[in-house]
file start33.txt (compact mmCIF, C-alpha atoms)
# COMPACT_ATOMS: atom_id res chain seq x y z
CA MET A 1 99.78 141.95 62.56
CA THR A 2 101.51 138.57 62.24
CA ILE A 3 104.33 139.81 64.49
CA LEU A 4 101.77 140.49 67.25
CA ASN A 5 100.23 137.06 66.76
CA ASN A 6 103.64 135.39 67.05
CA PHE A 7 104.37 137.17 70.34
CA ALA A 8 100.89 136.92 71.86
CA ILE A 9 102.13 134.22 74.20
CA LEU A 10 104.47 136.79 75.76
CA LEU A 11 101.57 139.06 76.77
CA PRO A 12 101.03 137.49 80.23
CA LEU A 13 104.77 137.66 80.92
CA VAL A 14 104.99 141.31 79.90
CA ILE A 15 101.94 142.21 82.00
CA PHE A 16 103.42 140.36 84.97
CA LEU A 17 106.79 142.09 84.68
CA VAL A 18 105.24 145.54 84.35
CA LEU A 19 102.98 145.03 87.36
CA TRP A 20 105.82 143.49 89.36
CA LEU A 21 108.10 146.47 88.70
CA LEU A 22 105.32 148.91 89.49
CA PHE A 23 104.35 147.28 92.78
CA TYR A 24 107.92 146.44 93.80
CA PHE A 25 109.02 150.06 93.81
CA ALA A 26 105.71 151.29 95.21
CA PHE A 27 105.89 148.89 98.16
CA TRP A 28 109.56 149.73 98.70
CA ALA A 29 108.65 153.42 98.95
CA VAL A 30 105.78 152.69 101.35
CA GLY A 31 108.02 150.50 103.53
CA THR A 32 110.73 153.15 103.66
CA SER A 33 108.18 155.83 104.55
CA LEU A 34 106.66 153.69 107.32
CA ARG A 35 110.09 152.86 108.74
CA THR A 36 111.10 156.53 108.77
CA GLY A 37 107.80 157.57 110.33
CA ALA A 38 108.09 154.91 113.02
CA GLN A 39 111.60 156.10 113.87
CA LEU A 40 110.42 159.70 114.16
CA VAL A 41 107.49 158.77 116.38
CA SER A 42 109.62 156.57 118.63
CA ARG A 43 112.24 159.32 118.95
CA TYR A 44 109.49 161.76 119.93
CA VAL A 45 107.98 159.37 122.46
CA VAL A 46 111.34 158.68 124.08
CA ASN A 47 112.29 162.38 124.21
CA VAL A 48 108.98 163.35 125.82
CA GLY A 49 109.45 160.69 128.49
CA PHE A 50 106.17 158.93 127.82
CA ILE A 51 107.87 155.55 127.84
CA LYS A 52 109.43 156.03 131.28
CA ARG A 53 106.14 157.01 132.88
CA GLY A 54 104.06 154.54 130.85
CA LEU A 55 106.16 151.46 131.54
CA ALA A 56 105.78 151.95 135.28
CA ASN A 57 102.02 151.35 135.00
CA PRO A 58 101.15 147.75 136.03
CA LEU A 59 98.31 147.56 133.48
CA TRP A 60 100.76 148.36 130.68
CA MET A 61 103.12 145.63 131.88
CA ARG A 62 100.35 143.04 131.61
CA MET A 63 99.11 144.23 128.19
CA HIS A 64 102.49 144.98 126.60
CA PRO A 65 103.14 141.49 125.12
CA TYR A 66 99.75 141.50 123.36
CA LEU A 67 100.01 144.95 121.78
CA PRO A 68 101.87 144.00 118.55
CA ILE A 69 99.56 141.12 117.68
CA THR A 70 96.51 143.25 118.52
CA LEU A 71 97.69 146.01 116.18
CA VAL A 72 98.38 143.51 113.38
CA LEU A 73 94.95 141.94 113.93
CA LEU A 74 93.19 145.31 113.78
CA ALA A 75 95.12 146.30 110.65
CA GLY A 76 94.14 142.98 109.03
CA VAL A 77 90.48 143.45 109.91
CA GLY A 78 90.56 146.96 108.45
CA ALA A 79 92.29 145.78 105.26
CA ALA A 80 89.81 142.91 104.86
CA ALA A 81 86.85 145.25 105.35
CA PHE A 82 88.26 147.70 102.80
CA ALA A 83 88.96 144.93 100.28
CA GLY A 84 85.44 143.55 100.75
CA MET A 85 83.84 146.94 100.17
CA ALA A 86 86.01 147.53 97.09
CA PHE A 87 85.07 144.11 95.71
CA ILE A 88 81.35 144.75 96.25
CA TYR A 89 81.65 148.14 94.55
CA LEU A 90 83.46 146.60 91.60
CA ALA A 91 80.90 143.78 91.32
CA GLU A 92 78.08 146.32 91.25
CA GLN A 93 79.88 148.25 88.51
CA PHE A 94 80.15 145.11 86.37
CA ASN A 95 76.40 144.63 86.51
CA SER A 96 75.58 148.20 85.51
CA THR A 97 75.70 148.57 81.73
CA THR A 98 76.23 152.33 82.03
CA SER A 99 79.38 152.14 84.16
CA GLY A 100 82.90 152.73 82.92
CA VAL A 101 84.04 149.39 84.35
CA PHE A 102 81.48 147.52 82.23
CA TYR A 103 82.55 149.44 79.12
CA GLU A 104 86.27 148.76 79.68
CA ASP A 105 85.56 145.09 80.39
CA GLN A 106 83.66 144.79 77.12
CA LEU A 107 86.52 146.44 75.21
CA VAL A 108 89.10 144.06 76.64
CA ASN A 109 86.81 141.07 76.07
CA HIS A 110 86.29 141.97 72.40
CA TRP A 111 90.01 142.62 71.96
CA PHE A 112 90.90 139.17 73.35
CA GLN A 113 88.26 137.54 71.15
CA ALA A 114 89.67 139.30 68.07
CA GLU A 115 93.25 138.23 68.91
CA ARG A 116 92.38 134.66 69.84
CA MET A 117 95.07 132.13 68.91
CA PRO A 118 95.08 128.35 69.40
CA GLY A 119 98.41 128.46 71.28
CA PHE A 120 97.23 131.13 73.69
CA THR A 121 93.96 129.26 74.27
CA THR A 122 95.94 126.10 75.05
CA LEU A 123 98.15 128.03 77.48
CA LEU A 124 95.18 129.49 79.34
CA ARG A 125 93.45 126.09 79.48
CA ALA A 126 96.65 124.57 80.94
CA ILE A 127 96.78 127.31 83.58
CA THR A 128 93.11 126.76 84.41
CA THR A 129 93.63 123.00 84.72
CA GLY A 130 96.72 123.51 86.87
CA ALA A 131 94.80 125.74 89.25
CA SER A 132 91.86 123.35 89.52
CA PRO A 133 91.37 121.22 92.65
CA ILE A 134 92.86 118.21 90.86
CA GLY A 135 95.92 120.14 89.67
CA LEU A 136 96.52 121.69 93.07
CA GLY A 137 96.00 118.32 94.72
CA ILE A 138 98.74 116.84 92.55
CA LEU A 139 101.00 119.81 93.34
CA VAL A 140 100.42 119.49 97.11
CA THR A 141 101.06 115.75 96.93
CA VAL A 142 104.36 116.23 95.10
CA ILE A 143 105.47 118.93 97.56
CA ALA A 144 104.47 116.83 100.59
CA ILE A 145 106.38 113.80 99.24
CA GLY A 146 109.41 115.98 98.53
CA LEU A 147 109.35 117.42 102.03
CA TYR A 148 108.94 113.98 103.55
CA PHE A 149 111.96 112.59 101.71
CA ARG A 150 114.02 115.64 102.70
CA LYS A 151 113.31 114.78 106.35
CA HIS A 152 110.83 117.64 106.91
CA HIS A 153 108.18 115.27 108.26
CA ALA A 154 106.25 117.88 110.26
CA SER A 155 106.00 120.23 107.26
CA ALA A 156 104.87 117.40 104.99
CA ILE A 157 102.16 116.35 107.42
CA PHE A 158 101.07 119.97 107.89
CA ILE A 159 100.76 120.60 104.13
CA ALA A 160 98.90 117.34 103.53
CA THR A 161 96.54 117.98 106.44
CA ALA A 162 95.87 121.57 105.33
CA ALA A 163 95.15 120.44 101.77
CA ILE A 164 92.78 117.71 102.91
CA GLY A 165 91.00 120.05 105.31
CA VAL A 166 90.24 122.71 102.69
CA PRO A 167 86.96 122.00 100.90
CA SER A 168 87.05 122.51 97.16
call {"tool": "encode", "arguments": {"input": "start33.txt", "output": "structure tokens"}}
result
Amino acid sequence: MTILNNFAILLPLVIFLVLWLLFYFAFWAVGTSLRTGAQLVSRYVVNVGFIKRGLANPLWMRMHPYLPITLVLLAGVGAAAFAGMAFIYLAEQFNSTTSGVFYEDQLVNHWFQAERMPGFTTLLRAITTGASPIGLGILVTVIAIGLYFRKHHASAIFIATAAIGVPS
């Protein structure tokens, strides 16, 4: 048990690496699939002759420049709606004492309480302080000063203005 206590500080790093590897390869596979699918669809559209007839339409010529941004906007709205519904569902599950999410949360909470170490508590407090408005304000200030001295004046002003404009 003392070996686990000595390496408890490595737990966040191990979790990060496992999740990074999992999502890295998953997103690579999704990107490859989307690229291949887009190539197949475009080959089909060109072979059918849809593009030749469609591009001659004056309405298409006016709307063509706005199509990519419109598709990205619609995909973003759909993703945001899905994420919002998933978050609401998860929040409702946390409140219900009979749900599996509540049970798993309690197990993890008790496990962390049983394995509590002063070093790990200090690490998590440092992370919490660093992500507070004061910590992020210091970080933004340092980055803006660094950009300014590296002659990236517009970027420094943009970062400082964005940080000031965001309410905490």
call {"tool": "residues_near_point", "arguments": {"input": "start33.txt", "point": "(99.0, 129.1, 76.0)", "cutoff": "12 Å", "atoms": "only C-alpha atoms", "output": "number ranges by chain"}}
result
A: 6-13, 116-129
call {"tool": "atom_distance", "arguments": {"input": "start33.txt", "atom1": "atom CA of Ala80 of chain A", "atom2": "atom CA of Leu21 of chain A"}}
result
24.7 Å
call {"tool": "atom_distance", "arguments": {"input": "start33.txt", "atom1": "atom CA of Thr141 of chain A", "atom2": "atom CA of Ala156 of chain A"}}
result
9.1 Å
call {"tool": "atom_distance", "arguments": {"input": "start33.txt", "atom1": "atom CA of Ser33 of chain A", "atom2": "atom CA of Val14 of chain A"}}
result
28.8 Å
call {"tool": "residues_around", "arguments": {"input": "start33.txt", "residues": "Leu139 of chain A", "least_positions_apart": "5", "cutoff": "12 Å", "atoms": "only C-alpha atoms", "output": "list in words"}}
result
Thr129, Gly130, Ala131, Ser132, Pro133, Ile134, Ala144, Ile145, Gly146, Ile159, Ala160 and Ala163 of chain A
